[in-house]
Amino acid sequence: MADRVTVIGWDGSPPGEAARSALSAATLVAGTRHHLALPFVPEDAERIVLGSIDLAARRIARHRGTAVVLADGDPGFFGVVRALRTPEYGLEVEVVPGVTSVAQAFARAGMPWDDARVVVAHTRTLRRAVNVCRAHPKVAVLTAPGAGPAELALLLGDEHRTFVICEALGTEHEQVTVLTSDKVADHTWRDPNVVLVVGAAPAAAPAPVPVPVPAQSGWLAGGDPATADRVRGWALPSERYVPGDGPAHLRALQLARLGPRAGDLLWDIGAGGGAVAVEAARFGAAVIAVEADAAACERVEDTARDFGVRVRVVHGRAPHVLEDLPEPDIVRIGGGGPEVVAACAARRPERIAASAANRDEAEAVSRALDEGGYTVECALLQAVELDDEWSERERTVVFSLLGHRR
């Protein structure tokens, strides 16, 4: 087993004292080809080109001597440290970090990044990374071959963003390019790169009582804390939304069973005033609200603005308008019947939530889900709202149906 393994993050600057000390004692150095070509790598040390981390870690574990692993930026931030610390290798790891490529990218762009989301995109997670870009106005994407700037832009489609593409950061080949997303796929990009995907932040609704806010009031990384703190709780009472948006108890069950989260794309079909769409967006999901009524579309946009979240609104009637939409992870159907349910099932989301006012309609929706390849969970919900005198004010009864993809 190696006597000591030091992981050194290189950010383009000369190595510091700790890094030089580790390199001078190294009998084995692992890294990419451009790392191993750096002038401070000892010539007499054994060299391993990092391809498979597993194979490299096993060779390091068998090595008798002192090993150094070179990586870009901060190797503890979506880097090689996590893999090397896997118990099966039995390695004792020390880390000498550099400046992470995300910090470098935002520095090149001259932008703060405490309010940014950071995601890793490779071929398995590309679509989820794009959904985070849909949901948030500032995202740093660490790319991989086959999941680079062009692929990100193509999947975003007509949801336009500004791309800041940082290639080969910290090297003599470094290049920073700023383009609108519709132009990105026309170019070939050099690996490795970091992409900053930036859009306009959702316009916040004015506070009812003006309160002076310091210029530097942030305290939580990854988003705007003012948005997160504005409203506590979820499945809020119906009066918090546009009248006619459905009972809160049905919305609570649908949200709980759909489980929208960061990286998901929710279709909210028949969005009404936007209650479900907005609540899902508050959970971090990307949301497309589909509504046939133009005035209702405006209400969805107003509701999203009131809550400080991003919702894409599509004016049109399902199922025809669904054809050009990106693939959903979860779907909530607020209206449209079995035909819309069947069209959604054909796109194979993980879960579909629907409702019905009577048993005949519920059975038709259930059949459409079953025939589409979904296991159906059905419940009859009843809620009685009481007034201050504990007298019945309103009673609602509704069938709730949830399809789990088989």
# chains A, B, ... in the order shown; residues from 1 in each chain; ligands from 1
$ residues_around --residues "segment 238-254 of chain A" --least-positions-apart "2" --cutoff "8 Å" --atoms "only C-alpha atoms" --output "PyMOL selection string"
chain A and resi 234-236+256-258+272-276+299+303+332+353+381+383+396+398+400+402
$ residues_around --residues "Glu385 of chain A" --least-positions-apart "6" --cutoff "7 Å" --atoms "only C-alpha atoms" --output "PyMOL selection string"
chain A and resi 392-395
$ closest_residue --among "A:Ala362, A:Val198, A:Leu142, A:Ala271" --to "Ser181 of chain A" --atoms "only C-alpha atoms"
A:Val198
$ atom_distance --atom1 "atom CA of Leu36 of chain A" --atom2 "atom CA of Phe77 of chain A"
21.1 Å
$ select_by_dssp --residues "segment 50-228 of chain A" --states "alpha helix (DSSP H)" --output "number ranges by chain"
A: 53-62, 80-84, 101-109, 126-135, 149-156, 181-184, 225-228
$ residues_around --residues "Gly199 of chain A" --least-positions-apart "2" --cutoff "10 Å" --atoms "only C-alpha atoms" --output "ChimeraX atom specification"
/A:133-139,159-163,196-197,201-202
$ residues_around --residues "segment 66-76 of chain A" --least-positions-apart "3" --cutoff "10 Å" --atoms "only C-alpha atoms" --output "VMD selection string"
chain A and resid 1 to 12 19 22 to 32 34 to 36 41 45 to 48 50 56 to 57 60 to 61 63 79 to 84 93 to 104 169 to 170 192
$ atom_distance --atom1 "atom CA of His320 of chain A" --atom2 "atom CA of Asp293 of chain A"
14.8 Å
$ residues_around --residues "Arg406 of chain A" --least-positions-apart "4" --cutoff "8 Å" --atoms "only C-alpha atoms" --output "JSON, numbers by chain"
{"A": [373, 374, 375]}
$ residues_around --residues "Ala368 of chain A" --least-positions-apart "2" --cutoff "8 Å" --atoms "only C-alpha atoms" --output "count of residues only"
10
$ atom_distance --atom1 "atom CA of Leu154 of chain A" --atom2 "atom CA of Leu265 of chain A"
16.1 Å
$ closest_residue --among "A:Ser13, A:Asp387, A:Arg347, A:Val311" --to "Glu172 of chain A" --atoms "only C-alpha atoms"
A:Ser13
$ select_by_dssp --residues "segment 110-331 of chain A" --states "strand (DSSP E)" --output "JSON, numbers by chain"
{"A": [117, 118, 119, 120, 138, 139, 140, 141, 142, 162, 163, 164, 165, 166, 167, 175, 176, 177, 178, 179, 180, 193, 194, 195, 196, 197, 198, 265, 266, 267, 268, 269, 286, 287, 288, 289, 290, 291, 312, 313, 314, 315, 330, 331]}
$ closest_residue --among "A:Leu55, A:Asp324, A:Val231, A:Ala318" --to "Asp306 of chain A" --atoms "only C-alpha atoms"
A:Val231
$ closest_residue --among "A:Arg128, A:His122, A:Arg261, A:Arg64" --to "Gly148 of chain A" --atoms "only C-alpha atoms"
A:His122
$ closest_residue --among "A:Ala140, A:Leu38, A:Ala280, A:Ala292" --to "Arg310 of chain A" --atoms "only C-alpha atoms"
A:Ala280
$ decode --residues "segment 255-266 of chain A" --atoms "all heavy atoms" --output "PDB file, in the first residue's frame"
ATOM      1  N   LEU A 255     -48.998  16.700  -4.851  1.00  0.00           N
ATOM      2  CA  LEU A 255     -47.600  17.097  -4.692  1.00  0.00           C
ATOM      3  C   LEU A 255     -46.824  16.070  -3.892  1.00  0.00           C
ATOM      4  O   LEU A 255     -45.670  15.751  -4.209  1.00  0.00           O
ATOM      5  CB  LEU A 255     -47.527  18.468  -4.015  1.00  0.00           C
ATOM      6  CG  LEU A 255     -47.950  19.667  -4.861  1.00  0.00           C
ATOM      7  CD1 LEU A 255     -48.134  20.904  -3.982  1.00  0.00           C
ATOM      8  CD2 LEU A 255     -46.926  19.944  -5.955  1.00  0.00           C
ATOM      9  N   ALA A 256     -47.442  15.537  -2.851  1.00  0.00           N
ATOM     10  CA  ALA A 256     -46.758  14.545  -2.023  1.00  0.00           C
ATOM     11  C   ALA A 256     -46.457  13.279  -2.811  1.00  0.00           C
ATOM     12  O   ALA A 256     -45.383  12.678  -2.656  1.00  0.00           O
ATOM     13  CB  ALA A 256     -47.609  14.216  -0.793  1.00  0.00           C
ATOM     14  N   ARG A 257     -47.372  12.853  -3.665  1.00  0.00           N
ATOM     15  CA  ARG A 257     -47.174  11.606  -4.411  1.00  0.00           C
ATOM     16  C   ARG A 257     -46.308  11.805  -5.653  1.00  0.00           C
ATOM     17  O   ARG A 257     -45.590  10.901  -6.059  1.00  0.00           O
ATOM     18  CB  ARG A 257     -48.527  11.007  -4.815  1.00  0.00           C
ATOM     19  CG  ARG A 257     -49.481  10.800  -3.661  1.00  0.00           C
ATOM     20  CD  ARG A 257     -48.903   9.910  -2.574  1.00  0.00           C
ATOM     21  NE  ARG A 257     -48.959   8.514  -2.946  1.00  0.00           N
ATOM     22  CZ  ARG A 257     -48.069   7.604  -2.581  1.00  0.00           C
ATOM     23  NH1 ARG A 257     -47.021   7.989  -1.860  1.00  0.00           N
ATOM     24  NH2 ARG A 257     -48.191   6.355  -2.940  1.00  0.00           N
ATOM     25  N   LEU A 258     -46.363  12.989  -6.249  1.00  0.00           N
ATOM     26  CA  LEU A 258     -45.484  13.266  -7.397  1.00  0.00           C
ATOM     27  C   LEU A 258     -44.048  13.515  -6.940  1.00  0.00           C
ATOM     28  O   LEU A 258     -43.094  13.142  -7.610  1.00  0.00           O
ATOM     29  CB  LEU A 258     -45.994  14.477  -8.187  1.00  0.00           C
ATOM     30  CG  LEU A 258     -47.262  14.278  -9.012  1.00  0.00           C
ATOM     31  CD1 LEU A 258     -47.723  15.610  -9.591  1.00  0.00           C
ATOM     32  CD2 LEU A 258     -47.044  13.258 -10.120  1.00  0.00           C
ATOM     33  N   GLY A 259     -43.879  14.189  -5.811  1.00  0.00           N
ATOM     34  CA  GLY A 259     -42.544  14.447  -5.258  1.00  0.00           C
ATOM     35  C   GLY A 259     -41.642  15.265  -6.155  1.00  0.00           C
ATOM     36  O   GLY A 259     -40.509  14.858  -6.427  1.00  0.00           O
ATOM     37  N   PRO A 260     -42.062  16.430  -6.640  1.00  0.00           N
ATOM     38  CA  PRO A 260     -41.187  17.228  -7.522  1.00  0.00           C
ATOM     39  C   PRO A 260     -39.925  17.654  -6.786  1.00  0.00           C
ATOM     40  O   PRO A 260     -39.959  17.997  -5.597  1.00  0.00           O
ATOM     41  CB  PRO A 260     -42.069  18.451  -7.867  1.00  0.00           C
ATOM     42  CG  PRO A 260     -43.084  18.531  -6.778  1.00  0.00           C
ATOM     43  CD  PRO A 260     -43.342  17.120  -6.347  1.00  0.00           C
ATOM     44  N   ARG A 261     -38.789  17.644  -7.511  1.00  0.00           N
ATOM     45  CA  ARG A 261     -37.498  17.970  -6.899  1.00  0.00           C
ATOM     46  C   ARG A 261     -36.570  18.530  -7.962  1.00  0.00           C
ATOM     47  O   ARG A 261     -36.887  18.503  -9.158  1.00  0.00           O
ATOM     48  CB  ARG A 261     -36.883  16.717  -6.276  1.00  0.00           C
ATOM     49  CG  ARG A 261     -36.668  15.604  -7.304  1.00  0.00           C
ATOM     50  CD  ARG A 261     -36.264  14.285  -6.693  1.00  0.00           C
ATOM     51  NE  ARG A 261     -36.134  13.262  -7.725  1.00  0.00           N
ATOM     52  CZ  ARG A 261     -35.814  11.999  -7.481  1.00  0.00           C
ATOM     53  NH1 ARG A 261     -35.614  11.605  -6.241  1.00  0.00           N
ATOM     54  NH2 ARG A 261     -35.705  11.134  -8.472  1.00  0.00           N
ATOM     55  N   ALA A 262     -35.442  19.039  -7.516  1.00  0.00           N
ATOM     56  CA  ALA A 262     -34.460  19.589  -8.449  1.00  0.00           C
ATOM     57  C   ALA A 262     -34.039  18.525  -9.451  1.00  0.00           C
ATOM     58  O   ALA A 262     -33.770  17.377  -9.089  1.00  0.00           O
ATOM     59  CB  ALA A 262     -33.238  20.098  -7.683  1.00  0.00           C
ATOM     60  N   GLY A 263     -33.991  18.917 -10.716  1.00  0.00           N
ATOM     61  CA  GLY A 263     -33.644  17.982 -11.786  1.00  0.00           C
ATOM     62  C   GLY A 263     -34.848  17.383 -12.486  1.00  0.00           C
ATOM     63  O   GLY A 263     -34.702  16.768 -13.537  1.00  0.00           O
ATOM     64  N   ASP A 264     -36.042  17.538 -11.908  1.00  0.00           N
ATOM     65  CA  ASP A 264     -37.267  17.048 -12.533  1.00  0.00           C
ATOM     66  C   ASP A 264     -37.856  18.109 -13.452  1.00  0.00           C
ATOM     67  O   ASP A 264     -37.664  19.310 -13.244  1.00  0.00           O
ATOM     68  CB  ASP A 264     -38.325  16.718 -11.476  1.00  0.00           C
ATOM     69  CG  ASP A 264     -38.039  15.440 -10.715  1.00  0.00           C
ATOM     70  OD1 ASP A 264     -37.253  14.622 -11.212  1.00  0.00           O
ATOM     71  OD2 ASP A 264     -38.607  15.267  -9.619  1.00  0.00           O
ATOM     72  N   LEU A 265     -38.625  17.639 -14.432  1.00  0.00           N
ATOM     73  CA  LEU A 265     -39.465  18.517 -15.243  1.00  0.00           C
ATOM     74  C   LEU A 265     -40.904  18.080 -15.054  1.00  0.00           C
ATOM     75  O   LEU A 265     -41.260  16.926 -15.334  1.00  0.00           O
ATOM     76  CB  LEU A 265     -39.090  18.453 -16.719  1.00  0.00           C
ATOM     77  CG  LEU A 265     -40.018  19.227 -17.667  1.00  0.00           C
ATOM     78  CD1 LEU A 265     -40.042  20.714 -17.314  1.00  0.00           C
ATOM     79  CD2 LEU A 265     -39.613  19.039 -19.125  1.00  0.00           C
ATOM     80  N   LEU A 266     -41.735  18.997 -14.548  1.00  0.00           N
ATOM     81  CA  LEU A 266     -43.161  18.733 -14.353  1.00  0.00           C
ATOM     82  C   LEU A 266     -43.961  19.387 -15.458  1.00  0.00           C
ATOM     83  O   LEU A 266     -43.767  20.570 -15.759  1.00  0.00           O
ATOM     84  CB  LEU A 266     -43.610  19.297 -13.004  1.00  0.00           C
ATOM     85  CG  LEU A 266     -45.131  19.423 -12.796  1.00  0.00           C
ATOM     86  CD1 LEU A 266     -45.759  18.053 -12.611  1.00  0.00           C
ATOM     87  CD2 LEU A 266     -45.463  20.331 -11.629  1.00  0.00           C
TER      88      LEU A 266
END
